[in-house]
Each structure stands twice: as structure tokens, then as C-alpha cells.
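File shown here: entry_38.cif, holding mmCIF, C-alpha atoms.
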```cif
data_model
#
loop_
_atom_site.label_atom_id
_atom_site.label_comp_id
_atom_site.auth_asym_id
_atom_site.auth_seq_id
_atom_site.Cartn_x
_atom_site.Cartn_y
_atom_site.Cartn_z
CA LEU F 1180 -15.33 4.64 18.07
CA ASP F 1181 -18.86 3.18 17.99
CA PRO F 1182 -19.57 4.13 14.36
CA ILE F 1183 -16.50 2.21 13.23
CA VAL F 1184 -18.08 -1.14 14.05
CA VAL F 1185 -21.20 -0.26 12.06
CA LEU F 1186 -19.17 1.03 9.10
CA ILE F 1187 -16.99 -2.09 9.06
CA ARG F 1188 -20.10 -4.29 9.01
CA CYS F 1189 -21.35 -2.29 6.02
CA LEU F 1190 -18.20 -3.25 4.12
CA ASP F 1191 -19.66 -6.77 3.90
CA ASP F 1192 -22.98 -5.50 2.47
CA ASP F 1193 -24.11 -6.55 -0.96
CA PRO F 1194 -24.56 -3.32 -2.89
CA GLU F 1195 -21.29 -1.77 -4.04
CA SER F 1196 -22.60 1.71 -3.24
CA VAL F 1197 -23.08 0.81 0.45
CA ARG F 1198 -19.55 -0.60 0.71
CA ARG F 1199 -18.05 2.42 -1.03
CA THR F 1200 -19.96 4.89 1.14
CA ALA F 1201 -18.91 3.02 4.29
CA MET F 1202 -15.26 3.11 3.21
CA LEU F 1203 -15.43 6.82 2.42
CA SER F 1204 -17.02 7.40 5.83
CA LEU F 1205 -14.15 5.54 7.49
CA PHE F 1206 -11.68 7.77 5.69
CA GLN F 1207 -13.63 10.82 6.82
CA LEU F 1208 -13.25 9.59 10.41
CA PHE F 1209 -9.48 9.44 9.89
CA VAL F 1210 -9.38 12.87 8.28
CA ASN F 1211 -11.62 14.64 10.78
CA SER F 1212 -10.20 13.12 13.95
CA SER F 1213 -7.75 14.89 16.18
CA SER F 1214 -4.18 13.62 16.11
CA ASP F 1215 -4.49 12.02 19.56
CA ARG F 1216 -7.69 10.14 18.55
CA GLU F 1217 -6.38 9.09 15.13
CA GLN F 1218 -4.24 6.25 16.52
CA ALA F 1219 -7.16 4.82 18.48
CA ILE F 1220 -9.35 4.98 15.38
CA ARG F 1221 -6.69 3.29 13.24
CA ALA F 1222 -6.22 0.48 15.78
CA THR F 1223 -9.96 -0.08 16.03
CA VAL F 1224 -10.35 -0.16 12.24
CA VAL F 1225 -7.57 -2.73 11.85
CA ASP F 1226 -9.04 -4.87 14.66
CA GLN F 1227 -12.51 -4.74 13.16
CA LEU F 1228 -11.29 -5.44 9.62
CA GLU F 1229 -9.80 -8.72 10.83
CA GLN F 1230 -13.36 -9.93 11.38
CA ILE F 1231 -14.40 -9.54 7.74
CA ASP F 1232 -13.05 -10.62 4.36
CA THR F 1233 -10.43 -8.02 3.52
CA GLU F 1234 -10.30 -9.30 -0.07
CA ALA F 1235 -13.50 -7.33 -0.65
CA VAL F 1236 -12.06 -4.22 0.99
CA VAL F 1237 -8.81 -3.96 -0.97
CA PRO F 1238 -10.47 -3.00 -4.30
CA LEU F 1239 -12.48 -0.29 -2.53
CA VAL F 1240 -9.40 1.23 -0.93
CA ARG F 1241 -7.43 0.94 -4.17
CA ASP F 1242 -10.16 2.72 -6.15
CA ILE F 1243 -10.50 5.49 -3.58
CA MET F 1244 -6.72 5.99 -3.58
CA ASP F 1245 -6.74 6.27 -7.37
CA GLU F 1246 -9.75 8.56 -7.64
CA SER F 1247 -9.39 10.89 -4.67
CA GLN F 1248 -8.03 14.36 -5.21
CA ARG F 1249 -7.71 14.95 -1.46
CA TRP F 1250 -4.23 14.20 -0.20
CA ARG F 1251 -5.47 13.30 3.30
CA ILE F 1252 -7.69 10.57 1.83
CA ARG F 1253 -4.82 9.24 -0.32
CA ARG F 1254 -2.56 9.20 2.75
CA ASN F 1255 -4.97 7.10 4.72
CA ALA F 1256 -5.64 4.83 1.75
CA ALA F 1257 -1.89 4.18 1.39
CA TRP F 1258 -1.67 3.34 5.07
CA LEU F 1259 -4.77 1.11 5.01
CA LEU F 1260 -3.62 -0.81 1.93
CA GLY F 1261 -0.46 -1.77 3.77
CA ALA F 1262 -2.31 -2.57 6.97
CA ILE F 1263 -4.91 -4.94 5.49
CA THR F 1264 -3.10 -6.61 2.58
CA ASP F 1265 -2.00 -10.17 3.06
CA PRO F 1266 1.20 -11.05 1.17
CA ASP F 1267 -0.61 -14.11 -0.25
CA SER F 1268 -3.61 -12.07 -1.37
CA ASP F 1269 -4.98 -12.15 -4.93
CA TYR F 1270 -4.70 -8.34 -4.87
CA ARG F 1271 -1.08 -8.31 -3.79
CA ASP F 1272 0.26 -7.24 -7.19
CA THR F 1273 -2.32 -4.48 -7.50
CA VAL F 1274 -1.45 -3.20 -4.02
CA TYR F 1275 2.25 -3.25 -4.87
CA ASP F 1276 1.56 -1.28 -8.05
CA ARG F 1277 -0.49 1.37 -6.23
CA LEU F 1278 1.94 1.79 -3.36
CA ILE F 1279 5.01 1.87 -5.61
CA ALA F 1280 3.33 4.51 -7.77
CA ALA F 1281 2.56 6.47 -4.59
CA LEU F 1282 6.28 6.67 -3.78
CA ASN F 1283 6.35 9.52 -6.29
CA ASP F 1284 3.18 11.20 -4.99
CA GLU F 1285 3.22 15.01 -4.95
CA ASP F 1286 2.23 14.90 -1.28
CA GLN F 1287 5.40 13.93 0.57
CA ARG F 1288 3.53 12.43 3.54
CA THR F 1289 1.53 10.14 1.21
CA ALA F 1290 4.77 8.98 -0.38
CA GLN F 1291 6.30 8.31 3.04
CA LEU F 1292 3.24 6.33 4.16
CA ALA F 1293 3.38 4.31 0.94
CA ALA F 1294 7.03 3.48 1.68
CA ALA F 1295 6.19 2.48 5.25
CA SER F 1296 3.30 0.32 4.02
CA LEU F 1297 5.55 -1.41 1.48
CA ALA F 1298 8.12 -2.11 4.18
CA ASP F 1299 5.42 -4.06 6.03
CA LEU F 1300 4.74 -6.27 2.98
CA PRO F 1301 8.07 -8.00 2.32
CA SER F 1302 8.28 -10.55 -0.49
CA SER F 1303 10.66 -11.53 -3.24
CA GLU F 1304 8.17 -10.17 -5.81
CA LEU F 1305 8.17 -6.78 -4.09
CA GLN F 1306 11.98 -6.78 -4.08
CA LYS F 1307 12.02 -7.37 -7.84
CA ARG F 1308 9.50 -4.62 -8.47
CA LEU F 1309 11.37 -2.14 -6.30
CA GLN F 1310 14.68 -2.97 -7.95
CA MET F 1311 13.10 -2.32 -11.36
CA TYR F 1312 11.65 0.92 -10.01
CA VAL F 1313 15.05 2.06 -8.74
CA HIS F 1314 16.63 1.36 -12.13
CA ASP F 1315 13.92 3.24 -14.00
CA ASN F 1316 15.35 6.63 -14.97
CA LYS F 1317 11.95 8.33 -15.21
CA ASN F 1318 11.41 8.42 -11.46
CA GLY F 1319 12.39 11.40 -9.34
CA GLY F 1320 15.23 11.33 -6.85
CA ALA F 1321 13.08 11.33 -3.71
CA ALA F 1322 10.95 8.45 -5.01
CA VAL F 1323 14.04 6.38 -5.77
CA GLU F 1324 15.40 7.10 -2.29
CA ARG F 1325 12.12 5.88 -0.79
CA ALA F 1326 12.26 2.71 -2.90
CA GLU F 1327 15.86 2.10 -1.78
CA TYR F 1328 14.77 2.62 1.83
CA VAL F 1329 12.05 -0.02 1.42
CA LEU F 1330 14.54 -2.39 -0.20
CA GLU F 1331 16.87 -1.99 2.76
CA GLU F 1332 14.00 -2.55 5.19
CA ILE F 1333 12.83 -5.77 3.53
CA GLY F 1334 16.34 -7.09 2.92
CA GLY F 1335 16.51 -6.45 -0.80
CA ALA F 1336 19.68 -5.81 -2.69
CA THR F 1337 20.64 -2.24 -3.49
CA ASP F 1338 22.51 -1.10 -6.61
CA ARG F 1339 25.92 -1.67 -5.11
CA GLU F 1340 25.04 -5.18 -3.97
CA LEU F 1341 23.59 -6.03 -7.38
CA VAL F 1342 26.76 -4.94 -9.15
CA THR F 1343 29.17 -6.73 -6.82
CA ASN F 1344 27.12 -9.91 -6.53
CA SER F 1345 25.91 -10.31 -10.09
CA ILE F 1346 26.53 -13.57 -11.85
CA ASP F 1347 26.03 -14.20 -15.55
CA TYR F 1348 24.55 -17.54 -16.51
CA THR F 1349 24.77 -18.87 -20.02
CA TYR F 1350 22.43 -21.66 -20.95
CA VAL F 1351 23.52 -23.82 -23.86
CA ARG F 1352 20.83 -25.76 -25.58
CA ASP F 1353 23.00 -28.02 -27.75
CA PRO F 1354 26.55 -29.11 -26.90
#
```
Write the structure described by the file as C-alpha cells, please.
Amino acid sequence: LDPIVVLIRCLDDDPESVRRTAMLSLFQLFVNSSSDREQAIRATVVDQLEQIDTEAVVPLVRDIMDESQRWRIRRNAAWLLGAITDPDSDYRDTVYDRLIAALNDEDQRTAQLAAASLADLPSSELQKRLQMYVHDNKNGGAAVERAEYVLEEIGGATDRELVTNSIDYTYVRDP
């Protein structure tokens, strides 16, 4: 666990290349660790990330999630985005977009981790986005089920609730 502290400190370094390399190294620690050590590594990373500005870390994780072809890296990126994102963050919308897109990831475990991460980020904006996602006919069945699961977890309305509780408002400008 000692290298984690050094790698987290590097995430505050000035050159982008140092921050990116440190983040990739953290993901390699996740990927190469045994399953019994992985939880300890994750807990240490989250603890250490609380000591730095996570606003600088979110774009790195987002970019790695977008660019990586390795499913184990994408899995860990989906988890980390949910673990470090503050609901009031400037990157909140970007994180929502990435994690919602990951609900339809070809790797089922990545999609499940994205759903779990979204469930930890409840907000009315996320509810709206998930409801739109559920109503979008282009998404696969499993992805829609994951989105509905997240909606239930964060207290959002499902299709049935929307239909039974919908109210039409008509605004009249002139009498």
C-alpha cells in the first residue's frame, strides 16, 4: 500500500503527463492485485484522494475510461468516478454522462459497477437523465434494467409511476 501514497501525491503534480501516469499506475495496482488485497487498495485510494483536490482527478479518470480498451481498467474507472465525484462538482454532468453510457458497456461487470456508482450519486438531475435514458428506444434491455435499478435506488420514478402520477399543465399567456 506504500506506493499508493506516492501515486496520489503525483496526482497533484503540475505536468499532465505525470498525473496521467500516476493514475494509470493506480489502475494497474487495482488490476494486478489479488481479490483479497483489492478492497484494501480501494479503501486506501479513497482515503488518500480525500486529501487532494479531486476536481483535478475526475478528468483523468474520465479520459482513461473513454480511451482504455481494457475492460478491467474501465471497470475500475467506473468505480472510481462514483467514489470520488461530489454531487456538487463542476464535473458532475460529465460523470453522469460517462456512467450512464457505461450502463450499456459490452463488459457486464463494468455496466454493473457503473450502475452501482450512479446509485451512490443521487440527485434530481440524475433522475431526469436516467428517466430519459429509460425512455430512449435505442438502448438495450439490460442497460434499461440497470437504469431502472438505479432509479429505484435513488428514489426516482419508474415508468408506471410516471404514467399514474403525470399531470398536464397548461400555461395561458393572455386571458
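When the distance limit is 10 Å and all atoms listed in the file are what count, the residues near Leu1208 of chain F, minus those fewer than 5 positions from it on the same chain, are Leu1180, Pro1182, Ile1183, Met1202, Leu1203, Ser1213, Arg1216, Glu1217, Ile1220 and Arg1221 of chain F.
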Shell around Asn1283 of chain F at 9 Å using all atoms listed in the file, local window under 3 positions removed, as a compact mmCIF listing (two decimals) with C-alpha atoms, in the coordinates of the input:
```txt
# COMPACT_ATOMS: atom_id res chain seq x y z
CA ILE F 1279 5.01 1.87 -5.61
CA ALA F 1280 3.33 4.51 -7.77
CA ASP F 1286 2.23 14.90 -1.28
CA GLN F 1287 5.40 13.93 0.57
CA THR F 1289 1.53 10.14 1.21
CA ALA F 1290 4.77 8.98 -0.38
CA ASN F 1318 11.41 8.42 -11.46
CA GLY F 1319 12.39 11.40 -9.34
CA ALA F 1321 13.08 11.33 -3.71
CA ALA F 1322 10.95 8.45 -5.01
CA VAL F 1323 14.04 6.38 -5.77
CA ARG F 1325 12.12 5.88 -0.79
```
- Task: Name the residues captured by the PyMOL selection byres ((chain F and resi 1249) around 12) when it is applied to the shown file; answer as a ChimeraX atom specification.
- Result: /F:1203,1206-1207,1210,1243-1248,1250-1256,1285-1286,1289
For the selection you just gave me, I'd like the residues written to a file as a compact mmCIF listing (two decimals), in the coordinates of the input, keeping C-alpha atoms.
```txt
# COMPACT_ATOMS: atom_id res chain seq x y z
CA LEU F 1203 -15.43 6.82 2.42
CA PHE F 1206 -11.68 7.77 5.69
CA GLN F 1207 -13.63 10.82 6.82
CA VAL F 1210 -9.38 12.87 8.28
CA ILE F 1243 -10.50 5.49 -3.58
CA MET F 1244 -6.72 5.99 -3.58
CA ASP F 1245 -6.74 6.27 -7.37
CA GLU F 1246 -9.75 8.56 -7.64
CA SER F 1247 -9.39 10.89 -4.67
CA GLN F 1248 -8.03 14.36 -5.21
CA TRP F 1250 -4.23 14.20 -0.20
CA ARG F 1251 -5.47 13.30 3.30
CA ILE F 1252 -7.69 10.57 1.83
CA ARG F 1253 -4.82 9.24 -0.32
CA ARG F 1254 -2.56 9.20 2.75
CA ASN F 1255 -4.97 7.10 4.72
CA ALA F 1256 -5.64 4.83 1.75
CA GLU F 1285 3.22 15.01 -4.95
CA ASP F 1286 2.23 14.90 -1.28
CA THR F 1289 1.53 10.14 1.21
```
- Item | Å distance separating atom CA of Leu1278 of chain F from atom CA of Leu1228 of chain F, one decimal place |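 That distance, rounded to one decimal, is 19.9 Å.
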- Item | Shortest interatomic distance to Pro1194 of chain F - which of F:Val1329, F:Val1240, F:Met1311, F:Ala1235, counting all atoms listed in the file | F:Ala1235
- Would you please work out which residue, of F:Tyr1270, F:Tyr1312, F:Phe1209, F:Trp1258, is nearest to Ala1298 of chain F when using only C-alpha atoms? F:Trp1258
- Task: I would like the residues chosen by the PyMOL selection byres ((chain F and resi 1230) around 12) on the shown file; could you give them as a ChimeraX atom specification?
- Result: /F:1184,1187-1188,1190-1191,1223-1229,1231-1234,1236,1263
- To one decimal place, how far is atom CA of Val1274 of chain F from atom CA of Ala1257 of chain F in Å?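 So the two atoms, atom CA of Val1274 of chain F and atom CA of Ala1257 of chain F, lie 9.2 Å apart.
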- Between atom CA of Ser1296 of chain F and atom CA of Leu1309 of chain F, what is the distance, to one decimal in Å?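 Atom-to-atom, atom CA of Ser1296 of chain F to atom CA of Leu1309 of chain F, that is 13.3 Å.
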- Counting only C-alpha atoms, figure out which residue out of F:Arg1288, F:Arg1271, F:His1314, F:Arg1277 gets nearest to Ser1302 of chain F.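 With only C-alpha atoms as the atom set, the closest residue is F:Arg1271.
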- Message: Nearest residue to Ala1219 of chain F out of F:Asp1265, F:Asp1181, F:Glu1331, F:Asp1353, using all atoms listed in the file?
- Response: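 Answer, going by the shortest atom-to-atom distance: F:Asp1181.
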Could you put an axis-aligned box around every listed atom of segment 1321-1327 of chain F, padded by 8 Å on each side, and send me its centre and edge lengths in Å to one decimal, as lines of an AutoDock Vina configuration file?
```
center_x = 13.4
center_y = 6.7
center_z = -3.3
size_x = 20.9
size_y = 25.2
size_z = 21.0
```
- Item | For Gln1306 of chain F, the nearest of the candidates F:Glu1324, F:Glu1332, F:Asp1192, F:Asp1242, counting all atoms listed in the file |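 When distances to Gln1306 of chain F are compared using all atoms listed in the file, the smallest one comes from F:Glu1332.
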Can you spell out as a PDB file with C-alpha atoms, keeping the file's coordinate frame the set of residues that the PyMOL selection byres ((chain F and resi 1300) around 9) selects in the structure I just provided?
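Once written, part11.pdb looks like this:
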```pdb
ATOM      1  CA  GLY F1261      -0.460  -1.770   3.770  1.00  0.00           C
ATOM      2  CA  ALA F1262      -2.310  -2.570   6.970  1.00  0.00           C
ATOM      3  CA  THR F1264      -3.100  -6.610   2.580  1.00  0.00           C
ATOM      4  CA  ASP F1265      -2.000 -10.170   3.060  1.00  0.00           C
ATOM      5  CA  PRO F1266       1.200 -11.050   1.170  1.00  0.00           C
ATOM      6  CA  TYR F1275       2.250  -3.250  -4.870  1.00  0.00           C
ATOM      7  CA  SER F1296       3.300   0.320   4.020  1.00  0.00           C
ATOM      8  CA  LEU F1297       5.550  -1.410   1.480  1.00  0.00           C
ATOM      9  CA  ALA F1298       8.120  -2.110   4.180  1.00  0.00           C
ATOM     10  CA  ASP F1299       5.420  -4.060   6.030  1.00  0.00           C
ATOM     11  CA  PRO F1301       8.070  -8.000   2.320  1.00  0.00           C
ATOM     12  CA  SER F1302       8.280 -10.550  -0.490  1.00  0.00           C
ATOM     13  CA  LEU F1305       8.170  -6.780  -4.090  1.00  0.00           C
ATOM     14  CA  ILE F1333      12.830  -5.770   3.530  1.00  0.00           C
TER      15      ILE F1333
END
```
